[in-house]
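Below you'll find the structure, written out as structure tokens, and then a few comments.
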Amino acid sequence: MADFVLVEKSQGVAILTMNRPEQLNAMNQQLSAELHAAVTDMSADDEVGCIVITGSGTRAFSAGGDIHEQREDDKRYAQEELDARNAVRARASYEISACPKPTIGMINGLAYGGAGVLASSLDMRVGCEHASFRFLAAAYGRINSTWTLPNQVGWPIAKELLFSGRAIEAEEAQRIGLLNYLVPCAELRDKTMWLATLIAKNRREAVMGVKALLLEHMGCDLHEQWTNERNYTTKVVRGAKAESAFPEFIARKGRTRVPPDIPQRSTT
């Protein structure tokens with residue numbers, strides 16, 4: 001059986017590539033299951049500080065769900081069986097979004113339908129001029145992306161895109177927040193790895209703590225957000241002490257040197 005998700009690790013970053021280029025990386029059951037498994041494995045891998053998801057080839061991040069497979073499944077399974085299969089896939093989609101490590105979509109082409117759900121569920125996205133998005137569920141008599149897209153672009157724009165199903169090309173995607181960065185295609189991997197390695201070099205427990213708190217803060221008022229952060233940083237992950245947090249600075253400046261703008265305290 002072919003591997004529909006390729007896994008590569010470099011500089012503390014896991015790059016997961018959806019690998020069905022002839023089908024524009026359409027997300028069939030096998031690809032979806034492999035992607036979920038790879039994200040789960042990389043989330044548990046101590047060598048990995050950031051996860052990048054992309055598509056093979058130059059045309060598509062992913063064309064979305066595999067419609068041919070869906071048609072066959074509709075014929076093969078009763079509705080209860082379809083509901084059960086869809087529930088498994090939906091749960092996997094949520095778990096990719098909520099995985100404890102930061103995720104970046106390297107958007108190398110179109111991200112339509114279910115791929116729009118995936119892309120908008122990731123923490124960040126870097127795209128090239130070939131990147132485009134369409135949230136097509138309403139056109140197909142379905143509903144999705146209501147829990148992912150508003151968190152990226154806000155309610156008014158999310159409503160427009162979900163209600164209309166229109167295409168969002170690369171420049172507009174950057175303007176509205178679907179892309180953090182827009183670069184020429186030849187620079188896409190380098191730019192994505194620049195961001196991913198910056199994240200991966202930081203303290204894992206701190207980065208993961210920030211993500212956990214941001215997810216927990218959704219729907220909370222400001223005081224609840226502040227309280228959650230205080231509880232997390234005193235009971236779950238305490239801030240590193242100076243010796244541990246700034247070893248390079250201490251080694252470079254000396255352990256007992258007083259900065260010149262801070263006077264020594266008199267001992268008399």
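So you can find residues: chains in the structure tokens are A, B, ... in the order shown, residues in each start at 1, and ligands are numbered from 1 in order.
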Got a sec: who's within 9 Å of range 33-42 of chain A, counting only C-alpha atoms, leaving out chain neighbours fewer than 6 positions off, as a compact mmCIF listing (two decimals) with N, CA, C and O atoms, in the first residue's frame?
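Saved as around-v8.txt:
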# COMPACT_ATOMS: atom_id res chain seq x y z
N ASP A 3 2.35 4.96 0.57
CA ASP A 3 2.32 5.94 1.65
C ASP A 3 1.74 7.23 1.10
O ASP A 3 2.30 7.85 0.20
N PHE A 4 0.61 7.66 1.65
CA PHE A 4 -0.03 8.88 1.19
C PHE A 4 0.40 10.10 2.00
O PHE A 4 0.00 11.22 1.67
N VAL A 5 1.18 9.89 3.05
CA VAL A 5 1.77 11.00 3.80
C VAL A 5 3.25 10.69 4.01
O VAL A 5 3.59 9.66 4.59
N LEU A 6 4.09 11.57 3.51
CA LEU A 6 5.54 11.42 3.67
C LEU A 6 5.98 12.23 4.87
O LEU A 6 5.52 13.35 5.09
N VAL A 7 6.88 11.66 5.68
CA VAL A 7 7.34 12.30 6.91
C VAL A 7 8.84 12.56 6.82
O VAL A 7 9.62 11.66 6.52
N ALA A 14 9.05 18.76 11.86
CA ALA A 14 8.50 17.64 11.09
C ALA A 14 7.73 18.18 9.90
O ALA A 14 6.86 19.05 10.06
N LEU A 16 5.23 17.10 7.01
CA LEU A 16 4.31 16.06 6.59
C LEU A 16 3.74 16.45 5.23
O LEU A 16 3.10 17.51 5.10
N THR A 17 3.97 15.62 4.23
CA THR A 17 3.56 15.93 2.86
C THR A 17 2.46 14.99 2.40
O THR A 17 2.68 13.77 2.33
N MET A 18 1.30 15.54 2.10
CA MET A 18 0.22 14.75 1.53
C MET A 18 0.63 14.37 0.10
O MET A 18 0.98 15.23 -0.70
N VAL A 48 10.82 16.96 17.97
CA VAL A 48 10.03 17.84 17.10
C VAL A 48 9.44 18.98 17.92
O VAL A 48 8.78 18.76 18.93
N GLY A 49 9.67 20.21 17.44
CA GLY A 49 9.10 21.38 18.10
C GLY A 49 8.04 22.09 17.28
O GLY A 49 7.36 22.97 17.78
N CYS A 50 7.91 21.73 16.00
CA CYS A 50 6.92 22.36 15.13
C CYS A 50 6.59 21.39 14.01
O CYS A 50 7.45 20.63 13.55
N ILE A 51 5.33 21.41 13.57
CA ILE A 51 4.86 20.49 12.53
C ILE A 51 4.40 21.30 11.33
O ILE A 51 3.58 22.22 11.46
N ILE A 53 2.66 21.03 7.49
CA ILE A 53 1.85 20.18 6.61
C ILE A 53 1.78 20.83 5.24
O ILE A 53 1.50 22.04 5.12
N ARG A 89 -13.41 10.57 11.12
CA ARG A 89 -12.63 11.57 10.37
C ARG A 89 -12.77 12.95 10.99
O ARG A 89 -11.79 13.70 11.08
N ALA A 92 -10.61 13.21 14.04
CA ALA A 92 -9.20 13.33 13.66
C ALA A 92 -8.88 14.76 13.23
O ALA A 92 -7.81 15.30 13.55
N SER A 93 -9.81 15.40 12.52
CA SER A 93 -9.61 16.79 12.10
C SER A 93 -9.46 17.70 13.31
O SER A 93 -8.59 18.57 13.35
N GLU A 95 -8.47 16.79 16.32
CA GLU A 95 -7.24 16.47 17.05
C GLU A 95 -6.00 17.02 16.35
O GLU A 95 -5.02 17.36 17.01
N ILE A 96 -6.03 17.13 15.03
CA ILE A 96 -4.93 17.80 14.34
C ILE A 96 -4.88 19.26 14.73
O ILE A 96 -3.82 19.82 15.03
N CYS A 99 -3.67 19.64 18.40
CA CYS A 99 -2.44 18.98 18.82
C CYS A 99 -1.58 19.95 19.61
O CYS A 99 -1.61 21.16 19.38
N LYS A 101 1.51 20.81 19.74
CA LYS A 101 2.63 21.53 19.14
C LYS A 101 2.15 22.47 18.03
O LYS A 101 1.13 22.20 17.38
Env of range 57-66 of chain A: 10 Å cut, atoms = only C-alpha atoms, seq-sep filter 6 positions within chain, self excluded. Answer as a CSV table (one decimal) with C-alpha atoms, in the first residue's frame.
chain,number,residue,atom,x,y,z
A,17,THR,CA,3.6,15.9,2.9
A,18,MET,CA,0.2,14.8,1.5
A,19,ASN,CA,1.3,12.6,-1.4
A,20,ARG,CA,-1.4,11.9,-4.0
A,21,PRO,CA,-0.2,14.4,-6.7
A,22,GLU,CA,-2.1,12.8,-9.5
A,23,GLN,CA,-5.3,13.4,-7.6
A,24,LEU,CA,-4.2,16.9,-6.4
A,25,ASN,CA,-3.6,15.3,-3.0
A,26,ALA,CA,-7.3,14.7,-2.5
A,27,MET,CA,-8.0,13.5,1.0
A,28,ASN,CA,-9.3,10.0,0.9
A,29,GLN,CA,-9.8,7.8,4.0
A,31,LEU,CA,-4.6,9.8,3.5
A,32,SER,CA,-6.7,11.3,6.3
A,105,GLY,CA,0.4,25.0,6.6
A,106,MET,CA,2.9,25.3,3.7
A,107,ILE,CA,0.3,26.2,1.1
A,108,ASN,CA,1.8,25.3,-2.3
A,109,GLY,CA,-1.4,25.5,-4.4
A,110,LEU,CA,-5.1,25.3,-4.0
A,111,ALA,CA,-6.8,24.4,-0.7
A,112,TYR,CA,-10.4,23.7,-1.5
A,113,GLY,CA,-13.2,22.1,0.5
A,114,GLY,CA,-11.9,19.8,3.1
A,115,ALA,CA,-8.4,21.1,2.5
A,116,GLY,CA,-9.7,24.6,3.5
A,117,VAL,CA,-10.9,23.0,6.7
A,118,LEU,CA,-7.5,21.5,7.3
A,119,ALA,CA,-5.6,24.7,6.4
A,127,GLY,CA,1.8,30.5,0.9
A,130,HIS,CA,-0.3,29.6,-6.5
A,131,ALA,CA,-2.1,29.4,-3.1
A,132,SER,CA,-5.9,29.8,-3.2
A,133,PHE,CA,-8.7,28.8,-0.9
A,134,ARG,CA,-12.4,27.9,-1.3
A,135,PHE,CA,-14.8,27.0,1.5
A,136,LEU,CA,-17.3,25.1,-0.6
A,185,CYS,CA,6.9,29.7,-5.0
Might you pull out every residue within 10 Å of Ala158 in chain A, with only C-alpha atoms counted and same-chain residues fewer than 3 positions away left off, and present them as an NGL selection string?
:A and (135 or 145-146 or 148-155 or 161-164 or 176)
DSSP helix (DSSP H, G or I) residues within range 31-262 of chain A, listed as a ChimeraX atom specification:
/A:31-43,67-76,79-97,114-121,137-140,149-153,155-164,170-176,185-200,204-217,222-235,242-245,247-253
As a compact mmCIF listing (two decimals) with C-alpha atoms, in the first residue's frame, please: the residues near Tyr181 in chain A (cut-off 7 Å, only C-alpha atoms, same-chain neighbours under 2 positions excluded).
# COMPACT_ATOMS: atom_id res chain seq x y z
CA VAL A 126 2.76 30.37 4.58
CA GLY A 127 1.78 30.49 0.92
CA GLN A 174 -2.69 37.33 3.04
CA LEU A 179 -1.73 33.60 5.06
CA VAL A 183 6.33 34.55 -1.01
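The space separating CA of Tyr94 in chain A from CA of Ser121 in chain A comes to 8.0 Å.
With CA of Leu215 in chain A on one side and CA of Asn231 in chain A on the other, the separation reads 14.9 Å.
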Taking 6 positions as the minimum chain separation for residues in the same chain, which residues sit within 7 Å of Ile104 in chain A when counting only C-alpha atoms? Answer as a PyMOL selection string.
chain A and resi 51-53+122-125
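CA of Ser120 in chain A sits 9.3 Å away from CA of Trp147 in chain A.
Residues of range 26-141 of chain A that DSSP, applied to the backbone, places in strand (DSSP E): A:Cys50, A:Ile51, A:Val52, A:Ile53, A:Thr54, A:Gly55, A:Ala60, A:Phe61, A:Ser62, A:Thr103, A:Ile104, A:Gly105, A:Met106, A:Ile107, A:Leu110, A:Ala111, A:Tyr112, A:Met124, A:Arg125, A:Val126, A:Gly127, A:Ser132, A:Phe133, A:Arg134.
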